[in-house]
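K.L.:
Just work_5.txt, nothing more (compact mmCIF, C-alpha atoms):
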# COMPACT_ATOMS: atom_id res chain seq x y z
CA MET A 205 -43.17 33.47 6.92
CA PHE A 206 -42.40 34.54 3.38
CA GLU A 207 -40.07 31.61 3.09
CA GLY A 208 -42.87 29.30 4.17
CA ILE A 209 -45.19 30.67 1.51
CA SER A 210 -42.64 30.49 -1.27
CA ARG A 211 -41.85 26.93 -0.21
CA TRP A 212 -45.53 26.08 -0.31
CA LEU A 213 -45.78 27.57 -3.79
CA ARG A 214 -42.94 25.49 -5.16
CA LYS A 215 -43.56 22.47 -2.97
CA GLY A 216 -41.66 19.39 -3.99
CA LYS A 217 -39.51 21.52 -6.24
CA GLY A 218 -36.36 21.58 -4.13
CA SER A 219 -33.09 21.19 -5.99
CA LYS A 220 -32.42 17.85 -4.29
CA ASP A 221 -34.29 15.74 -6.82
CA THR A 222 -32.47 17.37 -9.72
CA GLY A 223 -29.17 16.77 -7.94
CA LYS A 224 -29.98 13.15 -7.21
CA SER A 225 -31.05 12.28 -10.75
CA ARG A 226 -28.05 14.04 -12.26
CA LEU A 227 -25.80 12.16 -9.89
CA GLN A 228 -27.39 8.82 -10.73
CA LEU A 229 -26.75 9.41 -14.41
CA ILE A 230 -23.17 10.52 -13.83
CA LEU A 231 -22.54 7.37 -11.83
CA ILE A 232 -23.92 5.08 -14.51
CA HIS A 233 -21.36 6.61 -16.81
CA ASP A 234 -18.55 6.54 -14.23
CA ARG A 235 -19.24 2.94 -13.29
CA THR A 236 -19.09 1.82 -16.91
CA GLY A 237 -15.72 3.52 -17.07
CA VAL A 238 -14.18 1.21 -19.65
CA SER A 239 -10.49 1.65 -20.31
CA PRO A 240 -9.23 1.72 -23.92
CA GLU A 241 -7.43 -1.59 -23.26
CA ILE A 242 -10.65 -3.30 -22.25
CA LEU A 243 -12.45 -1.84 -25.25
CA ASP A 244 -9.67 -3.16 -27.51
CA ALA A 245 -9.89 -6.63 -26.00
CA LEU A 246 -13.67 -6.56 -26.43
CA ARG A 247 -13.27 -5.48 -30.05
CA GLU A 248 -10.95 -8.42 -30.76
CA ASP A 249 -13.33 -10.87 -29.10
CA MET A 250 -16.30 -9.50 -31.01
CA PHE A 251 -14.38 -9.70 -34.26
CA ARG A 252 -13.55 -13.34 -33.62
CA VAL A 253 -17.13 -14.29 -32.81
CA ILE A 254 -18.69 -12.31 -35.65
CA SER A 255 -16.20 -13.75 -38.15
CA ARG A 256 -17.80 -17.15 -37.59
CA TYR A 257 -20.94 -15.88 -39.27
CA PHE A 258 -19.95 -12.96 -41.48
CA VAL A 259 -16.97 -11.81 -43.40
CA VAL A 260 -15.81 -8.65 -41.69
CA LYS A 261 -12.58 -6.69 -41.59
CA GLU A 262 -11.04 -6.23 -38.18
CA ALA A 263 -10.01 -2.65 -38.93
CA ASP A 264 -13.66 -1.79 -39.65
CA VAL A 265 -14.93 -2.88 -36.25
CA GLU A 266 -15.88 0.23 -34.32
CA MET A 267 -16.92 0.11 -30.72
CA ASN A 268 -17.84 2.85 -28.30
CA ILE A 269 -19.51 3.56 -25.01
CA GLU A 270 -22.10 6.23 -25.76
CA ARG A 271 -23.87 8.37 -23.24
CA ASP A 272 -27.34 9.61 -23.99
CA GLU A 273 -29.84 11.71 -22.03
CA GLY A 274 -31.09 8.85 -19.89
CA SER A 275 -28.88 5.87 -20.63
CA VAL A 276 -25.45 4.54 -21.40
CA ALA A 277 -24.98 2.07 -24.25
CA LEU A 278 -22.32 0.00 -25.92
CA VAL A 279 -22.57 0.92 -29.60
CA ALA A 280 -20.88 -1.26 -32.22
CA ASN A 281 -20.61 -0.52 -35.90
CA ILE A 282 -19.38 -3.51 -37.90
CA PRO A 283 -19.73 -3.35 -41.71
CA ILE A 284 -20.43 -6.78 -43.27
CA LEU A 285 -18.43 -7.54 -46.39
CA SER A 286 -20.26 -10.76 -47.16
CA MET A 287 -22.07 -13.69 -45.63
CA LYS A 288 -20.31 -16.92 -44.80
CA ARG A 289 -21.74 -19.89 -46.67
CA GLN A 290 -22.22 -22.37 -43.84
CA GLN A 291 -22.80 -21.18 -40.30
CA LYS A 292 -20.66 -22.85 -37.73
CA GLN A 293 -22.07 -24.28 -34.52
CA PRO A 294 -22.15 -21.67 -31.78
CA VAL A 295 -19.19 -22.08 -29.46
CA SER A 296 -20.01 -23.62 -26.14
CA SER A 297 -18.16 -22.53 -23.05
CA MET B 44 -6.88 -7.31 21.77
CA ALA B 45 -5.29 -6.85 18.39
CA GLY B 46 -5.29 -3.27 17.14
CA ARG B 47 -7.34 -2.16 14.18
CA ALA B 48 -6.34 0.37 11.54
CA PHE B 49 -8.87 2.54 9.72
CA VAL B 50 -8.23 4.82 6.78
CA VAL B 51 -10.34 8.00 6.56
CA THR B 52 -10.66 8.87 2.89
CA SER B 53 -12.94 10.66 0.42
CA GLY B 54 -11.54 11.32 -3.03
CA LYS B 55 -12.72 14.91 -3.02
CA GLY B 56 -10.89 17.45 -0.90
CA GLY B 57 -12.50 19.71 1.65
CA VAL B 58 -15.23 17.35 2.83
CA GLY B 59 -13.81 17.09 6.35
CA LYS B 60 -11.48 14.07 6.44
CA THR B 61 -9.05 15.77 8.77
CA THR B 62 -11.74 17.10 11.11
CA VAL B 63 -13.36 13.66 11.23
CA THR B 64 -10.02 11.94 11.89
CA ALA B 65 -9.07 14.34 14.70
CA ASN B 66 -12.44 14.10 16.41
CA LEU B 67 -12.80 10.34 16.12
CA GLY B 68 -9.26 10.01 17.45
CA VAL B 69 -10.12 12.11 20.51
CA ALA B 70 -13.46 10.36 21.02
CA LEU B 71 -11.85 6.89 20.93
CA ALA B 72 -9.02 7.97 23.25
CA LEU B 73 -11.57 9.38 25.72
CA ARG B 74 -13.11 5.91 25.73
CA SER B 75 -9.79 4.73 27.19
CA LYS B 76 -8.50 3.25 23.96
CA ARG B 77 -4.87 3.75 22.98
CA THR B 78 -5.31 5.61 19.71
CA CYS B 79 -2.88 6.86 17.08
CA VAL B 80 -3.83 9.30 14.33
CA ILE B 81 -1.52 9.41 11.32
CA ASP B 82 -1.37 12.30 8.87
CA SER B 83 -0.49 10.67 5.56
CA ASP B 84 -0.78 13.88 3.53
CA ILE B 85 2.95 14.29 3.02
CA GLY B 86 3.75 17.80 1.84
CA LEU B 87 0.38 19.25 2.89
CA ARG B 88 0.02 18.32 6.54
CA ASN B 89 -2.92 19.68 8.51
CA LEU B 90 -3.96 17.17 11.12
CA ASP B 91 -1.40 18.71 13.51
CA VAL B 92 -3.04 22.14 13.15
CA VAL B 93 -6.59 20.86 13.61
CA MET B 94 -5.44 19.10 16.79
CA GLY B 95 -3.44 22.08 18.06
CA LEU B 96 -0.16 20.13 18.10
CA GLU B 97 1.71 22.05 15.39
CA ASN B 98 4.28 23.52 17.78
CA ARG B 99 5.32 20.18 19.19
CA ILE B 100 6.49 18.46 16.01
CA VAL B 101 10.13 17.38 16.02
CA TYR B 102 10.11 14.26 13.87
CA ASP B 103 7.58 13.06 11.30
CA LEU B 104 6.35 10.06 9.33
CA VAL B 105 9.16 10.25 6.77
CA ASP B 106 11.79 10.45 9.53
CA VAL B 107 10.41 7.25 11.04
CA ILE B 108 10.34 5.45 7.70
CA GLU B 109 13.86 6.55 6.77
CA GLY B 110 15.16 5.62 10.21
CA THR B 111 16.17 9.16 11.19
CA CYS B 112 14.39 8.63 14.51
CA ARG B 113 12.69 5.88 16.44
CA LEU B 114 8.93 5.48 16.11
CA LYS B 115 8.35 6.47 19.73
CA GLN B 116 10.21 9.75 19.23
CA ALA B 117 7.86 10.89 16.47
CA LEU B 118 4.62 10.18 18.35
CA ILE B 119 3.17 13.33 19.93
CA LYS B 120 0.96 12.78 22.94
CA HIS B 121 -2.12 14.97 23.22
CA ARG B 122 -2.26 16.80 26.54
CA LYS B 123 -6.03 16.68 26.92
CA ALA B 124 -6.44 13.06 25.91
CA ASP B 125 -3.42 11.18 27.17
CA ARG B 126 -4.13 8.02 25.22
CA LEU B 127 -4.10 9.90 21.93
CA PHE B 128 -0.96 10.22 19.83
CA LEU B 129 -0.29 11.98 16.54
CA LEU B 130 2.19 10.84 13.95
CA PRO B 131 2.56 13.97 11.79
CA ALA B 132 3.30 14.09 8.07
CA SER B 133 6.44 15.69 6.70
CA GLN B 134 5.84 19.15 5.28
CA THR B 135 8.98 19.39 3.17
CA ARG B 136 8.90 16.07 1.32
CA ASN B 137 6.48 14.61 -1.23
CA LYS B 138 4.32 11.50 -1.44
CA GLU B 139 7.01 9.54 -3.27
CA ALA B 140 9.12 9.53 -0.09
CA VAL B 141 6.92 6.72 1.24
CA SER B 142 5.79 3.46 -0.37
CA PRO B 143 2.66 1.42 0.38
CA GLU B 144 4.90 -1.41 1.67
CA GLN B 145 6.55 0.93 4.15
CA MET B 146 3.14 2.13 5.37
CA LYS B 147 2.10 -1.48 5.93
CA ASP B 148 5.20 -2.12 8.02
CA LEU B 149 4.69 1.08 9.99
CA ILE B 150 1.11 0.21 10.91
CA ALA B 151 2.12 -3.32 11.89
CA LYS B 152 4.74 -1.78 14.19
CA LEU B 153 2.21 0.59 15.75
CA LYS B 154 -0.02 -2.39 16.52
CA ASP B 155 2.68 -4.76 17.76
CA GLU B 156 5.32 -2.60 19.41
CA GLU B 157 3.29 0.41 20.52
CA GLU B 158 0.19 -1.66 21.24
CA PHE B 159 -2.33 0.78 19.85
CA ASP B 160 -5.97 -0.30 19.95
CA TYR B 161 -6.95 1.99 17.10
CA ILE B 162 -4.98 3.61 14.30
CA LEU B 163 -6.68 6.22 12.14
CA VAL B 164 -4.96 7.21 8.91
CA ASP B 165 -5.99 10.59 7.50
CA SER B 166 -5.75 10.20 3.74
CA PRO B 167 -4.89 13.00 1.30
CA ALA B 168 -7.46 13.97 -1.34
CA GLY B 169 -7.05 12.34 -4.72
CA ILE B 170 -6.51 8.80 -5.95
CA GLU B 171 -2.78 8.76 -6.61
CA ARG B 172 0.24 7.64 -4.60
CA GLY B 173 -0.87 9.38 -1.40
CA PHE B 174 -4.19 7.53 -1.45
CA LYS B 175 -2.46 4.20 -2.11
CA ASN B 176 -0.10 4.83 0.80
CA ALA B 177 -2.99 5.74 3.09
CA ILE B 178 -5.00 2.58 2.41
CA ALA B 179 -2.00 0.23 2.35
CA GLY B 180 -1.97 -0.81 6.00
CA ALA B 181 -5.65 -0.29 6.81
CA ASP B 182 -7.98 -3.06 7.89
CA GLU B 183 -11.07 -1.04 7.05
CA ALA B 184 -11.99 2.21 5.30
CA PHE B 185 -14.25 5.06 6.37
CA ILE B 186 -15.41 7.18 3.45
CA VAL B 187 -16.30 10.77 4.27
CA THR B 188 -18.69 12.65 2.02
CA THR B 189 -20.82 15.77 2.21
CA PRO B 190 -24.37 15.66 0.78
CA GLU B 191 -23.22 17.22 -2.50
CA VAL B 192 -23.24 15.76 -5.99
CA SER B 193 -19.50 16.26 -6.51
CA ALA B 194 -18.46 14.71 -3.19
CA ILE B 195 -20.79 11.71 -3.55
CA ARG B 196 -19.55 11.09 -7.06
CA ASP B 197 -15.96 10.98 -5.85
CA ALA B 198 -16.98 8.74 -2.94
CA ASP B 199 -18.39 6.28 -5.48
CA ARG B 200 -15.09 6.27 -7.35
CA ILE B 201 -13.25 5.62 -4.09
CA ILE B 202 -15.54 2.67 -3.30
CA GLY B 203 -14.52 1.17 -6.65
CA LEU B 204 -10.83 1.74 -6.00
CA LEU B 205 -11.10 0.22 -2.53
CA GLN B 206 -12.74 -2.84 -4.04
CA ALA B 207 -9.86 -3.16 -6.45
CA ALA B 208 -7.58 -3.11 -3.39
CA GLU B 209 -9.71 -5.88 -1.83
CA MET B 210 -11.36 -3.66 0.77
CA TYR B 211 -14.94 -4.67 0.20
CA GLU B 212 -16.84 -3.16 3.10
CA PRO B 213 -16.08 0.51 3.54
CA ARG B 214 -18.44 2.44 5.80
CA LEU B 215 -19.78 5.90 5.10
CA ILE B 216 -19.66 9.04 7.23
CA ILE B 217 -21.93 11.82 5.96
CA ASN B 218 -20.48 15.14 7.06
CA ARG B 219 -22.12 18.56 7.21
CA LEU B 220 -25.72 17.44 6.81
CA SER B 221 -28.09 20.38 7.23
CA MET B 222 -31.54 19.32 8.44
CA GLU B 223 -32.79 22.76 7.49
CA MET B 224 -31.85 22.23 3.84
CA VAL B 225 -33.09 18.64 3.84
CA ARG B 226 -36.45 19.92 5.08
CA LYS B 227 -36.60 22.42 2.25
CA GLY B 228 -35.88 19.69 -0.26
CA ASP B 229 -32.59 21.32 -1.20
CA MET B 230 -30.23 18.67 0.12
CA MET B 231 -30.00 14.91 -0.29
CA ASP B 232 -30.50 13.10 3.00
CA GLN B 233 -28.89 9.91 4.29
CA ASP B 234 -31.46 7.69 2.55
CA ASP B 235 -30.78 9.29 -0.83
CA ILE B 236 -27.02 8.94 -0.39
CA ILE B 237 -27.12 5.35 0.84
CA ASP B 238 -29.53 4.52 -1.97
CA ILE B 239 -26.94 5.71 -4.47
CA LEU B 240 -23.71 4.46 -2.92
CA ALA B 241 -25.10 1.19 -1.49
CA ILE B 242 -22.67 0.91 1.43
CA ASP B 243 -23.16 0.77 5.19
CA LEU B 244 -23.66 4.04 7.04
CA LEU B 245 -21.32 4.54 9.99
CA GLY B 246 -22.51 7.98 11.03
CA ILE B 247 -23.87 11.42 10.26
CA VAL B 248 -22.29 14.67 11.41
CA PRO B 249 -24.61 17.68 11.29
CA GLU B 250 -23.48 21.00 9.84
CA ASP B 251 -21.99 22.96 12.73
CA GLU B 252 -20.45 26.44 12.64
CA GLU B 253 -18.60 25.68 15.85
CA ILE B 254 -16.21 23.49 13.84
CA VAL B 255 -14.64 26.66 12.43
CA VAL B 256 -14.17 28.00 15.95
CA SER B 257 -12.67 24.71 17.10
CA THR B 258 -10.21 24.69 14.21
CA ASN B 259 -9.25 28.29 14.96
CA MET B 260 -8.51 27.29 18.52
CA GLY B 261 -6.80 24.01 17.65
CA VAL B 262 -9.10 22.09 19.96
CA PRO B 263 -11.10 19.24 18.41
CA ILE B 264 -14.79 19.90 19.07
CA VAL B 265 -15.23 16.60 20.90
CA LEU B 266 -12.94 18.02 23.61
CA ALA B 267 -14.16 21.56 23.58
CA GLU B 268 -17.88 21.48 24.20
CA ASN B 269 -21.19 19.82 23.84
CA SER B 270 -22.11 20.91 20.36
CA ARG B 271 -24.28 18.81 18.07
CA SER B 272 -21.34 17.66 16.01
CA ALA B 273 -19.45 16.62 19.16
CA GLY B 274 -22.33 14.32 20.06
CA ALA B 275 -22.26 12.89 16.54
CA PHE B 276 -18.53 12.14 16.72
CA ARG B 277 -18.94 10.43 20.09
CA ARG B 278 -21.73 8.32 18.68
CA ILE B 279 -19.58 7.28 15.70
CA ALA B 280 -16.79 6.28 18.11
CA ARG B 281 -19.23 4.03 19.98
CA ARG B 282 -20.34 2.47 16.71
CA ILE B 283 -16.71 1.85 15.73
CA GLU B 284 -16.38 -0.03 19.00
CA GLY B 285 -19.31 -2.19 17.98
CA GLU B 286 -22.00 -0.64 20.19
CA ASN B 287 -25.45 -0.74 18.73
CA VAL B 288 -26.30 2.96 18.96
CA PRO B 289 -28.49 4.62 16.35
CA VAL B 290 -26.80 6.70 13.66
CA TRP B 291 -29.15 9.58 14.24
CA PRO B 292 -31.03 9.59 17.53
CA MET B 293 -34.62 10.78 17.50
CA GLY B 294 -35.05 14.32 18.67
CA GLU B 295 -31.57 15.45 17.83
CA ALA B 296 -32.19 15.78 14.12
CA GLU B 297 -34.41 18.76 14.69
CA GLU B 298 -32.92 21.63 16.57
CA GLY B 299 -35.23 22.34 19.49
CA LEU B 300 -37.15 25.59 19.72
CA ILE B 301 -35.28 26.68 22.83
CA ALA B 302 -31.91 25.93 21.28
CA ARG B 303 -32.92 27.94 18.23
CA PHE B 304 -33.97 30.83 20.42
CA ARG B 305 -30.72 30.73 22.34
CA ARG B 306 -28.73 30.52 19.15
CA LEU B 307 -30.61 33.50 17.79
CA PHE B 308 -29.46 35.57 20.74
CA GLY B 309 -26.00 34.03 20.89
CA LEU B 310 -26.57 32.52 24.31
CA ASN B 311 -25.24 29.04 23.72
CA ARG B 312 -21.80 29.95 22.51
CA LYS B 313 -19.14 28.63 24.80
CA GLU B 314 -15.61 29.42 23.72
CA PRO B 315 -13.37 26.39 23.64
CA LYS B 316 -10.24 26.84 25.73
CA ARG B 317 -6.78 26.60 24.24
CA VAL B 318 -4.94 23.43 25.27
Represent the structure contained in this file as structure tokens.
P.N.:
Amino acid sequence: MFEGISRWLRKGKGSKDTGKSRLQLILIHDRTGVSPEILDALREDMFRVISRYFVVKEADVEMNIERDEGSVALVANIPILSMKRQQKQPVSS
Amino acid sequence: MAGRAFVVTSGKGGVGKTTVTANLGVALALRSKRTCVIDSDIGLRNLDVVMGLENRIVYDLVDVIEGTCRLKQALIKHRKADRLFLLPASQTRNKEAVSPEQMKDLIAKLKDEEEFDYILVDSPAGIERGFKNAIAGADEAFIVTTPEVSAIRDADRIIGLLQAAEMYEPRLIINRLSMEMVRKGDMMDQDDIIDILAIDLLGIVPEDEEIVVSTNMGVPIVLAENSRSAGAFRRIARRIEGENVPVWPMGEAEEGLIARFRRLFGLNRKEPKRV
């Protein structure tokens, strides 16, 4: 009886929804579980592509998977030393 | 008919892999299928205890693989289900005593020489060597989870690892689902879990206190009595055999008023007998 009333008072407020949304967020992070090797390979590839357009230093290229409140993002920080004079054609493949 | 091997796995410990393996083994054997259950948790064996066969172990998995005994000598026949055999794990060795290749050979032998219809491999918790051994010879994987955030998270990780091992269609068994808590909005139900994991659902086992009693007695609940979980295990066995039975039959999800009343007064408690 009392249980019924207290349930009615907090209806829709079971802990399940909290659990489910926390889990969904955890899984986004888990599933983007990128190993350091993969991140290194990605950094090299990015460096190569970006060097076609800008002058950058490979050691400066920073790349991370960042987890925020509601999302997971690939964050890159690549300081530009200078612009290349003529842009090359984008690579096709 | 060629035999099929299933690995029962979960990632997280304590979600009921061993209970599920024992009961599905019994249920399949009672359907007249020659069934072998393998405990692959070397160093921490428990399937023997859950099945009540702990006093009959002479040889184990490692003995078979090292050639100390013949395969047939290590298989322990269950007295209540004469088509069911247990291949126990070694308690004194560690996981490194067995390699995935050796597990593959062993399961091939169980299919070809011993002519088992079904082989169920109870996997240890974790994702290391023991897990790799357990999945090595399996044709298909059953993932056991409880409706808890931690268990579901680990199940998701296991799905990924199975994919990496080219096992693309694992099926899910949700263990210890409490309709009471689902009703209150305090537990994820099968739709929530399937929504998140995106794999096929093989079965649902309701929360059942009688499981503790059955483990105390060493009699798998499928053998002991007609509890709700026993019905669920039998239904999963039928689905494994390809029968088109519903995961969760109407009417059984809700405990009936009379059953509740009887439970309240302790009237529906039948003690399982020791084998």
K.L.:
What does the distance from CA of Ala45 in chain B to CA of Ile247 in chain B come to in Å, to one decimal?
P.N.:
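Straight-line distance from CA of Ala45 in chain B to CA of Ile247 in chain B works out to 27.3 Å.
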K.L.:
Up to 8 Å from chain B, what residues of chain A turn up? Count all atoms listed in the file and give them as a list in words.
P.N.:
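The selection requested is Arg211, Gly216, Lys217, Gly218, Ser219, Lys220, Asp221, Gly223, Lys224, Leu227, Gln228, Ile230, Leu231, Asp234 and Arg235 of chain A.
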K.L.:
Distance CA of Leu67 in chain B-CA of Phe276 in chain B, one decimal place?
P.N.:
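For CA of Leu67 in chain B relative to CA of Phe276 in chain B, the distance reads 6.0 Å.
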K.L.:
Between B:Ala241, B:Ala124, B:Ile264, B:Ile283, which has the minimum distance to Arg77 in chain B (counting all atoms listed in the file)?
P.N.:
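Answer, going by the shortest atom-to-atom distance: B:Ala124.
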K.L.:
Just the residues within 8 Å of range 105-110 of chain B, please, counting all atoms listed in the file, with nothing from its chain fewer than 4 positions along; format it as a PDB file with C-alpha atoms, in the coordinates of the input.
P.N.:
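Heads up, here's the output in selection_24.pdb:
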ATOM      1  CA  LEU B 114       8.930   5.480  16.110  1.00  0.00           C
ATOM      2  CA  ALA B 117       7.860  10.890  16.470  1.00  0.00           C
ATOM      3  CA  ALA B 132       3.300  14.090   8.070  1.00  0.00           C
ATOM      4  CA  SER B 133       6.440  15.690   6.700  1.00  0.00           C
ATOM      5  CA  ARG B 136       8.900  16.070   1.320  1.00  0.00           C
ATOM      6  CA  ALA B 140       9.120   9.530  -0.090  1.00  0.00           C
ATOM      7  CA  VAL B 141       6.920   6.720   1.240  1.00  0.00           C
ATOM      8  CA  GLN B 145       6.550   0.930   4.150  1.00  0.00           C
ATOM      9  CA  LEU B 149       4.690   1.080   9.990  1.00  0.00           C
TER      10      LEU B 149
END
K.L.:
Suppose you want the space between CA of Glu241 in chain A and CA of Val276 in chain A; what is it in Å?
P.N.:
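So the two atoms, CA of Glu241 in chain A and CA of Val276 in chain A, lie 19.1 Å apart.
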